[in-house]
$ cat run34.cif   # mmCIF, C-alpha atoms; chains and numbers go by the auth columns
data_final
#
loop_
_atom_site.group_PDB
_atom_site.id
_atom_site.type_symbol
_atom_site.label_atom_id
_atom_site.label_comp_id
_atom_site.label_asym_id
_atom_site.label_seq_id
_atom_site.Cartn_x
_atom_site.Cartn_y
_atom_site.Cartn_z
_atom_site.B_iso_or_equiv
_atom_site.auth_seq_id
_atom_site.auth_asym_id
ATOM 1 C CA MET A 1 65.572 -105.155 -1.319 0.00 137 A
ATOM 2 C CA TYR A 2 65.432 -104.532 2.434 0.00 138 A
ATOM 3 C CA LEU A 3 68.596 -106.583 3.035 0.00 139 A
ATOM 4 C CA LEU A 4 70.359 -104.815 0.173 0.00 140 A
ATOM 5 C CA LEU A 5 69.545 -101.364 1.577 0.00 141 A
ATOM 6 C CA LEU A 6 70.602 -102.492 5.037 0.00 142 A
ATOM 7 C CA ALA A 7 73.911 -103.817 3.696 0.00 143 A
ATOM 8 C CA VAL A 8 74.564 -100.544 1.846 0.00 144 A
ATOM 9 C CA ALA A 9 73.824 -98.515 4.990 0.00 145 A
ATOM 10 C CA LEU A 10 76.030 -100.706 7.182 0.00 146 A
ATOM 11 C CA ASN A 11 78.925 -100.577 4.722 0.00 147 A
ATOM 12 C CA PHE A 12 78.539 -96.794 4.476 0.00 148 A
ATOM 13 C CA PHE A 13 78.811 -96.303 8.243 0.00 149 A
ATOM 14 C CA LYS A 14 81.581 -98.898 8.469 0.00 150 A
ATOM 15 C CA GLY A 15 83.537 -96.938 5.881 0.00 151 A
ATOM 16 C CA LEU A 16 82.991 -93.684 7.769 0.00 152 A
ATOM 17 C CA GLY A 17 84.030 -95.363 10.999 0.00 153 A
ATOM 18 C CA ASN A 18 87.206 -96.781 9.468 0.00 154 A
ATOM 19 C CA HIS A 19 88.076 -93.365 8.070 0.00 155 A
ATOM 20 C CA PHE A 20 87.221 -91.100 11.004 0.00 156 A
ATOM 21 C CA GLY A 21 86.971 -93.515 13.955 0.00 157 A
ATOM 22 C CA HIS A 22 83.956 -95.534 15.053 0.00 158 A
ATOM 23 C CA GLY A 23 83.703 -93.630 18.349 0.00 159 A
ATOM 24 C CA ILE A 24 83.122 -90.297 16.623 0.00 160 A
ATOM 25 C CA ILE A 25 80.436 -91.730 14.301 0.00 161 A
ATOM 26 C CA ILE A 26 78.509 -93.356 17.178 0.00 162 A
ATOM 27 C CA GLN A 27 78.682 -90.216 19.311 0.00 163 A
ATOM 28 C CA TYR A 28 77.568 -88.047 16.388 0.00 164 A
ATOM 29 C CA LEU A 29 74.518 -90.221 15.734 0.00 165 A
ATOM 30 C CA SER A 30 73.627 -90.417 19.437 0.00 166 A
ATOM 31 C CA GLY A 31 73.522 -86.621 19.764 0.00 167 A
ATOM 32 C CA LYS A 32 75.921 -86.697 22.711 0.00 168 A
ATOM 33 C CA TYR A 33 77.552 -83.398 21.800 0.00 169 A
ATOM 34 C CA ARG A 34 74.524 -81.201 21.139 0.00 170 A
ATOM 35 C CA GLU A 35 75.659 -79.279 24.224 0.00 171 A
ATOM 36 C CA PRO A 36 79.363 -78.717 25.031 0.00 172 A
ATOM 37 C CA VAL A 37 80.935 -81.556 27.010 0.00 173 A
ATOM 38 C CA GLU A 38 84.338 -81.559 28.707 0.00 174 A
ATOM 39 C CA GLU A 39 86.588 -84.529 27.943 0.00 175 A
ATOM 40 C CA ASN A 40 90.206 -85.444 28.568 0.00 176 A
ATOM 41 C CA ARG A 41 91.822 -86.356 25.271 0.00 177 A
ATOM 42 C CA VAL A 42 95.108 -87.015 23.532 0.00 178 A
ATOM 43 C CA PHE A 43 95.684 -85.144 20.269 0.00 179 A
ATOM 44 C CA MET A 44 98.255 -85.869 17.601 0.00 180 A
ATOM 45 C CA PHE A 45 98.959 -83.361 14.836 0.00 181 A
ATOM 46 C CA LEU A 46 100.527 -85.070 11.801 0.00 182 A
ATOM 47 C CA ASP A 47 102.003 -82.869 9.081 0.00 183 A
ATOM 48 C CA LEU A 48 103.667 -83.517 5.707 0.00 184 A
ATOM 49 C CA ASN A 49 107.307 -82.436 5.493 0.00 185 A
ATOM 50 C CA ASP A 50 108.352 -80.034 2.705 0.00 186 A
ATOM 51 C CA SER A 51 104.725 -79.643 1.609 0.00 187 A
ATOM 52 C CA THR A 52 105.249 -76.319 -0.206 0.00 188 A
ATOM 53 C CA ALA A 53 108.145 -77.632 -2.287 0.00 189 A
ATOM 54 C CA ILE A 54 106.240 -80.841 -3.111 0.00 190 A
ATOM 55 C CA ALA A 55 103.121 -78.892 -4.140 0.00 191 A
ATOM 56 C CA GLU A 56 105.175 -76.644 -6.437 0.00 192 A
ATOM 57 C CA ARG A 57 106.894 -79.648 -7.985 0.00 193 A
ATOM 58 C CA LEU A 58 103.740 -81.720 -8.587 0.00 194 A
ATOM 59 C CA GLY A 59 101.184 -79.030 -9.377 0.00 195 A
ATOM 60 C CA HIS A 60 97.911 -78.721 -7.481 0.00 196 A
ATOM 61 C CA VAL A 61 96.017 -81.591 -9.193 0.00 197 A
ATOM 62 C CA LYS A 62 98.774 -84.176 -8.867 0.00 198 A
ATOM 63 C CA TYR A 63 99.518 -82.878 -5.372 0.00 199 A
ATOM 64 C CA GLY A 64 95.883 -83.558 -4.473 0.00 200 A
ATOM 65 C CA ARG A 65 96.273 -87.149 -5.667 0.00 201 A
ATOM 66 C CA PHE A 66 99.506 -87.397 -3.685 0.00 202 A
ATOM 67 C CA LEU A 67 97.782 -86.281 -0.465 0.00 203 A
ATOM 68 C CA ASN A 68 94.867 -88.646 -1.111 0.00 204 A
ATOM 69 C CA LYS A 69 97.315 -91.528 -1.362 0.00 205 A
ATOM 70 C CA CYS A 70 99.024 -90.460 1.891 0.00 206 A
ATOM 71 C CA PHE A 71 95.770 -90.125 3.810 0.00 207 A
ATOM 72 C CA ASN A 72 94.258 -93.314 2.383 0.00 208 A
ATOM 73 C CA ASP A 73 97.341 -95.217 3.556 0.00 209 A
ATOM 74 C CA LEU A 74 96.904 -93.638 6.982 0.00 210 A
ATOM 75 C CA SER A 75 93.193 -94.455 7.196 0.00 211 A
ATOM 76 C CA GLU A 76 93.949 -98.142 6.601 0.00 212 A
ATOM 77 C CA ILE A 77 95.751 -98.432 9.942 0.00 213 A
ATOM 78 C CA LEU A 78 93.647 -96.070 12.092 0.00 214 A
ATOM 79 C CA PRO A 79 91.292 -98.786 13.443 0.00 215 A
ATOM 80 C CA ARG A 80 94.244 -100.827 14.743 0.00 216 A
ATOM 81 C CA PHE A 81 95.191 -98.008 17.089 0.00 217 A
ATOM 82 C CA GLY A 82 91.746 -96.714 18.045 0.00 218 A
ATOM 83 C CA ALA A 83 92.415 -93.294 16.514 0.00 219 A
ATOM 84 C CA GLU A 84 89.633 -90.865 15.604 0.00 220 A
ATOM 85 C CA VAL A 85 90.251 -88.299 12.880 0.00 221 A
ATOM 86 C CA TYR A 86 89.195 -84.844 13.994 0.00 222 A
ATOM 87 C CA GLN A 87 90.232 -82.861 10.933 0.00 223 A
ATOM 88 C CA TYR A 88 92.046 -82.976 7.637 0.00 224 A
ATOM 89 C CA VAL A 89 93.492 -79.495 7.165 0.00 225 A
ATOM 90 C CA GLY A 90 95.403 -79.197 3.908 0.00 226 A
ATOM 91 C CA ASP A 91 98.431 -81.450 4.303 0.00 227 A
ATOM 92 C CA GLU A 92 97.826 -81.958 8.038 0.00 228 A
ATOM 93 C CA VAL A 93 95.757 -84.519 9.942 0.00 229 A
ATOM 94 C CA VAL A 94 94.557 -84.088 13.531 0.00 230 A
ATOM 95 C CA MET A 95 93.783 -87.333 15.380 0.00 231 A
ATOM 96 C CA THR A 96 92.427 -87.846 18.863 0.00 232 A
ATOM 97 C CA TRP A 97 91.915 -90.482 21.551 0.00 233 A
ATOM 98 C CA PRO A 98 89.692 -90.161 24.676 0.00 234 A
ATOM 99 C CA ILE A 99 92.070 -90.706 27.593 0.00 235 A
ATOM 100 C CA ASN A 100 89.559 -92.700 29.639 0.00 236 A
ATOM 101 C CA HIS A 101 89.063 -95.212 26.818 0.00 237 A
ATOM 102 C CA ILE A 102 92.550 -95.468 25.359 0.00 238 A
ATOM 103 C CA VAL A 103 93.708 -99.076 25.739 0.00 239 A
ATOM 104 C CA ASN A 104 97.408 -98.260 25.720 0.00 240 A
ATOM 105 C CA PRO A 105 98.645 -94.676 26.269 0.00 241 A
ATOM 106 C CA ILE A 106 101.529 -95.145 23.822 0.00 242 A
ATOM 107 C CA ARG A 107 99.102 -95.917 20.968 0.00 243 A
ATOM 108 C CA PRO A 108 99.699 -92.525 19.282 0.00 244 A
ATOM 109 C CA LEU A 109 103.431 -93.281 19.170 0.00 245 A
ATOM 110 C CA LEU A 110 102.778 -96.775 17.832 0.00 246 A
ATOM 111 C CA LEU A 111 100.496 -95.313 15.165 0.00 247 A
ATOM 112 C CA PHE A 112 103.198 -92.899 14.042 0.00 248 A
ATOM 113 C CA GLU A 113 105.732 -95.731 13.862 0.00 249 A
ATOM 114 C CA ALA A 114 103.301 -97.965 11.950 0.00 250 A
ATOM 115 C CA TYR A 115 102.531 -95.175 9.474 0.00 251 A
ATOM 116 C CA GLU A 116 106.224 -94.669 8.777 0.00 252 A
ATOM 117 C CA GLN A 117 106.484 -98.400 8.056 0.00 253 A
ATOM 118 C CA VAL A 118 103.493 -98.225 5.689 0.00 254 A
ATOM 119 C CA LEU A 119 105.060 -95.334 3.766 0.00 255 A
ATOM 120 C CA MET A 120 108.324 -97.256 3.560 0.00 256 A
ATOM 121 C CA SER A 121 106.538 -100.336 2.210 0.00 257 A
ATOM 122 C CA GLU A 122 104.829 -98.129 -0.422 0.00 258 A
ATOM 123 C CA ASN A 123 108.127 -96.511 -1.379 0.00 259 A
ATOM 124 C CA GLU A 124 108.173 -97.804 -4.952 0.00 260 A
ATOM 125 C CA VAL A 125 104.505 -96.917 -5.544 0.00 261 A
ATOM 126 C CA TYR A 126 105.076 -93.302 -4.490 0.00 262 A
ATOM 127 C CA LEU A 127 108.219 -93.036 -6.608 0.00 263 A
ATOM 128 C CA ASP A 128 106.479 -94.535 -9.641 0.00 264 A
ATOM 129 C CA LYS A 129 103.378 -92.315 -9.384 0.00 265 A
ATOM 130 C CA PHE A 130 104.814 -89.074 -8.003 0.00 266 A
ATOM 131 C CA GLY A 131 108.612 -89.317 -7.946 0.00 267 A
ATOM 132 C CA ILE A 132 108.522 -88.461 -4.227 0.00 268 A
ATOM 133 C CA VAL A 133 108.361 -90.523 -1.048 0.00 269 A
ATOM 134 C CA PRO A 134 106.454 -88.630 1.693 0.00 270 A
ATOM 135 C CA SER A 135 107.616 -88.205 5.263 0.00 271 A
ATOM 136 C CA PHE A 136 105.715 -86.718 8.172 0.00 272 A
ATOM 137 C CA LYS A 137 106.360 -84.999 11.472 0.00 273 A
ATOM 138 C CA ALA A 138 104.076 -85.096 14.513 0.00 274 A
ATOM 139 C CA ALA A 139 103.324 -83.444 17.854 0.00 275 A
ATOM 140 C CA ILE A 140 101.324 -85.008 20.699 0.00 276 A
ATOM 141 C CA ASN A 141 99.619 -83.303 23.630 0.00 277 A
ATOM 142 C CA ALA A 142 96.959 -84.290 26.160 0.00 278 A
ATOM 143 C CA GLY A 143 94.469 -82.605 28.471 0.00 279 A
ATOM 144 C CA PRO A 144 90.907 -81.288 28.878 0.00 280 A
ATOM 145 C CA VAL A 145 88.929 -79.888 25.944 0.00 281 A
ATOM 146 C CA SER A 146 85.315 -78.953 25.309 0.00 282 A
ATOM 147 C CA VAL A 147 83.505 -80.950 22.617 0.00 283 A
ATOM 148 C CA SER A 148 80.326 -79.891 20.834 0.00 284 A
ATOM 149 C CA MET A 149 78.512 -79.946 17.520 0.00 285 A
ATOM 150 C CA VAL A 150 78.741 -76.573 15.783 0.00 286 A
ATOM 151 C CA GLY A 151 77.155 -75.105 12.683 0.00 287 A
ATOM 152 C CA GLY A 152 73.639 -74.722 11.316 0.00 288 A
ATOM 153 C CA LYS A 153 72.423 -77.119 8.645 0.00 289 A
ATOM 154 C CA ARG A 154 75.958 -78.375 8.118 0.00 290 A
ATOM 155 C CA LYS A 155 77.110 -79.480 11.554 0.00 291 A
ATOM 156 C CA GLU A 156 80.506 -80.767 12.524 0.00 292 A
ATOM 157 C CA MET A 157 82.222 -81.779 15.727 0.00 293 A
ATOM 158 C CA ALA A 158 84.539 -79.173 17.229 0.00 294 A
ATOM 159 C CA PHE A 159 87.133 -79.403 19.991 0.00 295 A
ATOM 160 C CA HIS A 160 88.187 -76.265 21.845 0.00 296 A
ATOM 161 C CA GLY A 161 90.968 -75.753 24.347 0.00 297 A
ATOM 162 C CA ASP A 162 94.590 -74.896 24.935 0.00 298 A
ATOM 163 C CA VAL A 163 95.549 -78.533 24.346 0.00 299 A
ATOM 164 C CA LEU A 164 95.086 -78.127 20.602 0.00 300 A
ATOM 165 C CA ASN A 165 96.775 -74.727 20.435 0.00 301 A
ATOM 166 C CA THR A 166 99.826 -76.077 22.249 0.00 302 A
ATOM 167 C CA ALA A 167 100.047 -79.177 20.042 0.00 303 A
ATOM 168 C CA SER A 168 99.938 -76.978 16.950 0.00 304 A
ATOM 169 C CA ARG A 169 102.733 -74.761 18.278 0.00 305 A
ATOM 170 C CA VAL A 170 104.850 -77.770 19.264 0.00 306 A
ATOM 171 C CA LEU A 171 104.473 -79.162 15.734 0.00 307 A
ATOM 172 C CA GLU A 172 106.101 -75.979 14.424 0.00 308 A
ATOM 173 C CA GLN A 173 109.211 -76.832 16.466 0.00 309 A
ATOM 174 C CA CYS A 174 109.841 -80.203 14.787 0.00 310 A
ATOM 175 C CA GLY A 175 111.758 -78.666 11.894 0.00 311 A
ATOM 176 C CA ARG A 176 113.745 -76.276 14.066 0.00 312 A
ATOM 177 C CA LEU A 177 114.714 -79.031 16.491 0.00 313 A
ATOM 178 C CA LYS A 178 115.180 -81.602 13.695 0.00 314 A
ATOM 179 C CA GLN A 179 112.817 -84.100 15.295 0.00 315 A
ATOM 180 C CA ARG A 180 110.310 -86.463 13.662 0.00 316 A
ATOM 181 C CA ILE A 181 107.997 -86.394 16.670 0.00 317 A
ATOM 182 C CA LEU A 182 107.688 -84.195 19.756 0.00 318 A
ATOM 183 C CA ILE A 183 105.563 -84.620 22.875 0.00 319 A
ATOM 184 C CA THR A 184 104.573 -82.405 25.784 0.00 320 A
ATOM 185 C CA GLU A 185 104.823 -82.870 29.543 0.00 321 A
ATOM 186 C CA ALA A 186 101.093 -83.645 29.714 0.00 322 A
ATOM 187 C CA PHE A 187 101.410 -86.585 27.322 0.00 323 A
ATOM 188 C CA LEU A 188 104.634 -87.697 28.993 0.00 324 A
ATOM 189 C CA GLN A 189 102.725 -88.134 32.253 0.00 325 A
ATOM 190 C CA LEU A 190 100.435 -90.652 30.521 0.00 326 A
ATOM 191 C CA ILE A 191 103.238 -92.801 29.118 0.00 327 A
ATOM 192 C CA ARG A 192 105.742 -92.448 31.956 0.00 328 A
ATOM 193 C CA GLY A 193 106.986 -95.875 32.992 0.00 329 A
ATOM 194 C CA SER A 194 106.409 -97.518 29.613 0.00 330 A
ATOM 195 C CA LYS A 195 109.364 -99.771 28.835 0.00 331 A
ATOM 196 C CA ARG A 196 108.754 -99.457 25.096 0.00 332 A
ATOM 197 C CA VAL A 197 109.444 -95.727 24.954 0.00 333 A
ATOM 198 C CA THR A 198 112.645 -93.780 25.504 0.00 334 A
ATOM 199 C CA VAL A 199 112.002 -90.091 26.163 0.00 335 A
ATOM 200 C CA LEU A 200 114.570 -87.303 25.889 0.00 336 A
ATOM 201 C CA TYR A 201 114.005 -83.860 27.407 0.00 337 A
ATOM 202 C CA LEU A 202 114.919 -81.179 24.869 0.00 338 A
ATOM 203 C CA ASN A 203 114.079 -77.770 26.289 0.00 339 A
ATOM 204 C CA ASP A 204 111.541 -75.410 27.830 0.00 340 A
ATOM 205 C CA LEU A 205 110.357 -73.284 24.930 0.00 341 A
ATOM 206 C CA PHE A 206 108.369 -70.067 24.838 0.00 342 A
ATOM 207 C CA LEU A 207 105.847 -70.984 22.145 0.00 343 A
ATOM 208 C CA ARG A 208 104.072 -68.445 19.959 0.00 344 A
ATOM 209 C CA GLY A 209 100.797 -67.344 21.551 0.00 345 A
ATOM 210 C CA LYS A 210 101.654 -68.798 24.979 0.00 346 A
ATOM 211 C CA ASN A 211 102.221 -66.892 28.234 0.00 347 A
ATOM 212 C CA HIS A 212 104.532 -69.465 29.779 0.00 348 A
ATOM 213 C CA ASN A 213 107.254 -71.912 28.781 0.00 349 A
ATOM 214 C CA THR A 214 106.345 -75.399 27.545 0.00 350 A
ATOM 215 C CA ALA A 215 108.539 -78.429 28.183 0.00 351 A
ATOM 216 C CA ILE A 216 109.299 -80.315 24.957 0.00 352 A
ATOM 217 C CA TYR A 217 110.426 -83.955 24.694 0.00 353 A
ATOM 218 C CA SER A 218 111.429 -86.257 21.870 0.00 354 A
#
$ encode --input "run34.cif" --output "structure tokens"
Amino acid sequence: MYLLLLAVALNFFKGLGNHFGHGIIIQYLSGKYREPVEENRVFMFLDLNDSTAIAERLGHVKYGRFLNKCFNDLSEILPRFGAEVYQYVGDEVVMTWPINHIVNPIRPLLLFEAYEQVLMSENEVYLDKFGIVPSFKAAINAGPVSVSMVGGKRKEMAFHGDVLNTASRVLEQCGRLKQRILITEAFLQLIRGSKRVTVLYLNDLFLRGKNHNTAIYS
């Protein structure tokens, strides 16, 4: 009985770790973020294309199943790239990596590429079940944020800082600029020199809610 309970507990936390990132689970249990802590992190905002049209076409119940399929496919590859899920917000996923512990700075880009390949390999499944093959856009930014546990009885981890606001605004530009993925100058500094990545400067944009221009790259 003891071994059975232990196995159930271990599998439960393993499942949480695979879904959200083992780093976040360990830090949550250790109580590291009871008080705000400053960390340097990379954030990637991943968003479903044409979500409104898809939701109207499928209806809210089938659309929910559609999103579950998308996010379950994503969660299968998260451990390979050391990604931690910060939030699922509707049809959007926010993932993060601590800069000091990231093995390879281009991991967020590799994750995006791998996810596109997964969706392509599941093409027939999506068409059979939903009649639609999903595609996603993404924005990546990096920099300092504060991290803490917030809430009363129901606590959750929260990140605060301009890094997230900027990433969210950059994501809005993907459709206008017709780009699958956009990155900022801050993230570019981390991956500069990588021979596996070709970066193209697009423009300095005045993003909504910002007081200065932000350099955007594809």
$ residues_around --input "run34.cif" --residues "Gln325 (chain A)" --least-positions-apart "3" --cutoff "12 Å" --atoms "only C-alpha atoms" --output "PDB file with C-alpha atoms, keeping the file's coordinate frame"
ATOM      1  CA  VAL A 178      95.108 -87.015  23.532  1.00  0.00           C
ATOM      2  CA  ILE A 235      92.070 -90.706  27.593  1.00  0.00           C
ATOM      3  CA  PRO A 241      98.645 -94.676  26.269  1.00  0.00           C
ATOM      4  CA  ILE A 242     101.529 -95.145  23.822  1.00  0.00           C
ATOM      5  CA  ASN A 277      99.619 -83.303  23.630  1.00  0.00           C
ATOM      6  CA  ALA A 278      96.959 -84.290  26.160  1.00  0.00           C
ATOM      7  CA  GLY A 279      94.469 -82.605  28.471  1.00  0.00           C
ATOM      8  CA  ILE A 319     105.563 -84.620  22.875  1.00  0.00           C
ATOM      9  CA  THR A 320     104.573 -82.405  25.784  1.00  0.00           C
ATOM     10  CA  GLU A 321     104.823 -82.870  29.543  1.00  0.00           C
ATOM     11  CA  ALA A 322     101.093 -83.645  29.714  1.00  0.00           C
ATOM     12  CA  ARG A 328     105.742 -92.448  31.956  1.00  0.00           C
ATOM     13  CA  GLY A 329     106.986 -95.875  32.992  1.00  0.00           C
ATOM     14  CA  SER A 330     106.409 -97.518  29.613  1.00  0.00           C
ATOM     15  CA  VAL A 335     112.002 -90.091  26.163  1.00  0.00           C
ATOM     16  CA  TYR A 353     110.426 -83.955  24.694  1.00  0.00           C
TER      17      TYR A 353
END
$ atom_distance --input "run34.cif" --atom1 "CA of Val269 (chain A)" --atom2 "CA of Asp227 (chain A)"
14.5 Å
$ residues_around --input "run34.cif" --residues "Asn349 (chain A)" --least-positions-apart "3" --cutoff "6 Å" --atoms "only C-alpha atoms" --output "PyMOL selection string"
chain A and resi 340-342
$ closest_atom_pairs --input "run34.cif" --of "region 227-342 of chain A" --to "region 189-195 of chain A" --cutoff "12 Å" --atoms "only C-alpha atoms" --output "tab-separated table"
residue	atom	partner	partner_atom	distance
A:Asp227	CA	A:Ala191	CA	10.0
A:Lys265	CA	A:Leu194	CA	10.6
A:Phe266	CA	A:Leu194	CA	7.5
A:Gly267	CA	A:Leu194	CA	9.0
A:Ile268	CA	A:Ile190	CA	8.0
A:Val269	CA	A:Ile190	CA	10.1
A:Pro270	CA	A:Ile190	CA	9.2
A:Ser271	CA	A:Ile190	CA	11.2
$ resolve_selection --input "run34.cif" --expression "the PyMOL selection byres ((chain A and resi 172) around 10)" --output "JSON, numbers by chain"
{"A": [168, 169, 170, 171, 173, 174, 175, 281, 282, 283, 284, 285, 286, 294, 295, 296]}
$ write_last_selection --input "run34.cif" --atoms "C-alpha atoms" --output "mmCIF file, in the frame of the given file"
data_model
loop_
_atom_site.group_PDB
_atom_site.id
_atom_site.type_symbol
_atom_site.label_atom_id
_atom_site.label_comp_id
_atom_site.auth_asym_id
_atom_site.auth_seq_id
_atom_site.Cartn_x
_atom_site.Cartn_y
_atom_site.Cartn_z
ATOM 1 C CA LYS A 168 75.921 -86.697 22.711
ATOM 2 C CA TYR A 169 77.552 -83.398 21.800
ATOM 3 C CA ARG A 170 74.524 -81.201 21.139
ATOM 4 C CA GLU A 171 75.659 -79.279 24.224
ATOM 5 C CA VAL A 173 80.935 -81.556 27.010
ATOM 6 C CA GLU A 174 84.338 -81.559 28.707
ATOM 7 C CA GLU A 175 86.588 -84.529 27.943
ATOM 8 C CA VAL A 281 88.929 -79.888 25.944
ATOM 9 C CA SER A 282 85.315 -78.953 25.309
ATOM 10 C CA VAL A 283 83.505 -80.950 22.617
ATOM 11 C CA SER A 284 80.326 -79.891 20.834
ATOM 12 C CA MET A 285 78.512 -79.946 17.520
ATOM 13 C CA VAL A 286 78.741 -76.573 15.783
ATOM 14 C CA ALA A 294 84.539 -79.173 17.229
ATOM 15 C CA PHE A 295 87.133 -79.403 19.991
ATOM 16 C CA HIS A 296 88.187 -76.265 21.845
#
$ residues_around --input "run34.cif" --residues "Ala219 (chain A)" --least-positions-apart "5" --cutoff "7 Å" --atoms "all atoms listed in the file" --output "MDAnalysis selection string"
chainID A and resid 157 214 231:233
$ atom_distance --input "run34.cif" --atom1 "CA of Ala275 (chain A)" --atom2 "CA of Met180 (chain A)"
5.6 Å
$ resolve_selection --input "run34.cif" --expression "the PyMOL selection byres ((chain A and resi 311) around 12)" --output "PDB file with C-alpha atoms, in the frame of the given file"
ATOM      1  CA  ASP A 183     102.003 -82.869   9.081  1.00  0.00           C
ATOM      2  CA  LEU A 184     103.667 -83.517   5.707  1.00  0.00           C
ATOM      3  CA  ASN A 185     107.307 -82.436   5.493  1.00  0.00           C
ATOM      4  CA  ASP A 186     108.352 -80.034   2.705  1.00  0.00           C
ATOM      5  CA  PHE A 272     105.715 -86.718   8.172  1.00  0.00           C
ATOM      6  CA  LYS A 273     106.360 -84.999  11.472  1.00  0.00           C
ATOM      7  CA  ALA A 274     104.076 -85.096  14.513  1.00  0.00           C
ATOM      8  CA  ALA A 275     103.324 -83.444  17.854  1.00  0.00           C
ATOM      9  CA  ARG A 305     102.733 -74.761  18.278  1.00  0.00           C
ATOM     10  CA  VAL A 306     104.850 -77.770  19.264  1.00  0.00           C
ATOM     11  CA  LEU A 307     104.473 -79.162  15.734  1.00  0.00           C
ATOM     12  CA  GLU A 308     106.101 -75.979  14.424  1.00  0.00           C
ATOM     13  CA  GLN A 309     109.211 -76.832  16.466  1.00  0.00           C
ATOM     14  CA  CYS A 310     109.841 -80.203  14.787  1.00  0.00           C
ATOM     15  CA  ARG A 312     113.745 -76.276  14.066  1.00  0.00           C
ATOM     16  CA  LEU A 313     114.714 -79.031  16.491  1.00  0.00           C
ATOM     17  CA  LYS A 314     115.180 -81.602  13.695  1.00  0.00           C
ATOM     18  CA  GLN A 315     112.817 -84.100  15.295  1.00  0.00           C
ATOM     19  CA  ARG A 316     110.310 -86.463  13.662  1.00  0.00           C
ATOM     20  CA  ILE A 317     107.997 -86.394  16.670  1.00  0.00           C
ATOM     21  CA  LEU A 318     107.688 -84.195  19.756  1.00  0.00           C
TER      22      LEU A 318
END
$ closest_residue --input "run34.cif" --among "A:Phe217, A:Phe202, A:Leu142, A:Leu324" --to "Asp264 (chain A)" --atoms "all atoms listed in the file"
A:Phe202
$ resolve_selection --input "run34.cif" --expression "the PyMOL selection byres ((chain A and resi 254) around 12)" --output "JSON, numbers by chain"
{"A": [205, 206, 207, 208, 209, 210, 211, 212, 213, 214, 247, 248, 249, 250, 251, 252, 253, 255, 256, 257, 258, 259, 260, 261, 262, 269, 270, 271, 272]}
$ axis_aligned_box --input "run34.cif" --around "region 327-332 of chain A" --padding-each-side "8 Å" --output "AutoDock Vina command-line options"
--center_x 106.3 --center_y -96.1 --center_z 29.0 --size_x 22.1 --size_y 23.3 --size_z 23.9
$ atom_distance --input "run34.cif" --atom1 "CA of Leu300 (chain A)" --atom2 "CA of Tyr224 (chain A)"
14.2 Å
$ closest_residue --input "run34.cif" --among "A:Leu326, A:Lys331, A:Phe181, A:Lys198" --to "Thr302 (chain A)" --atoms "only C-alpha atoms"
A:Phe181
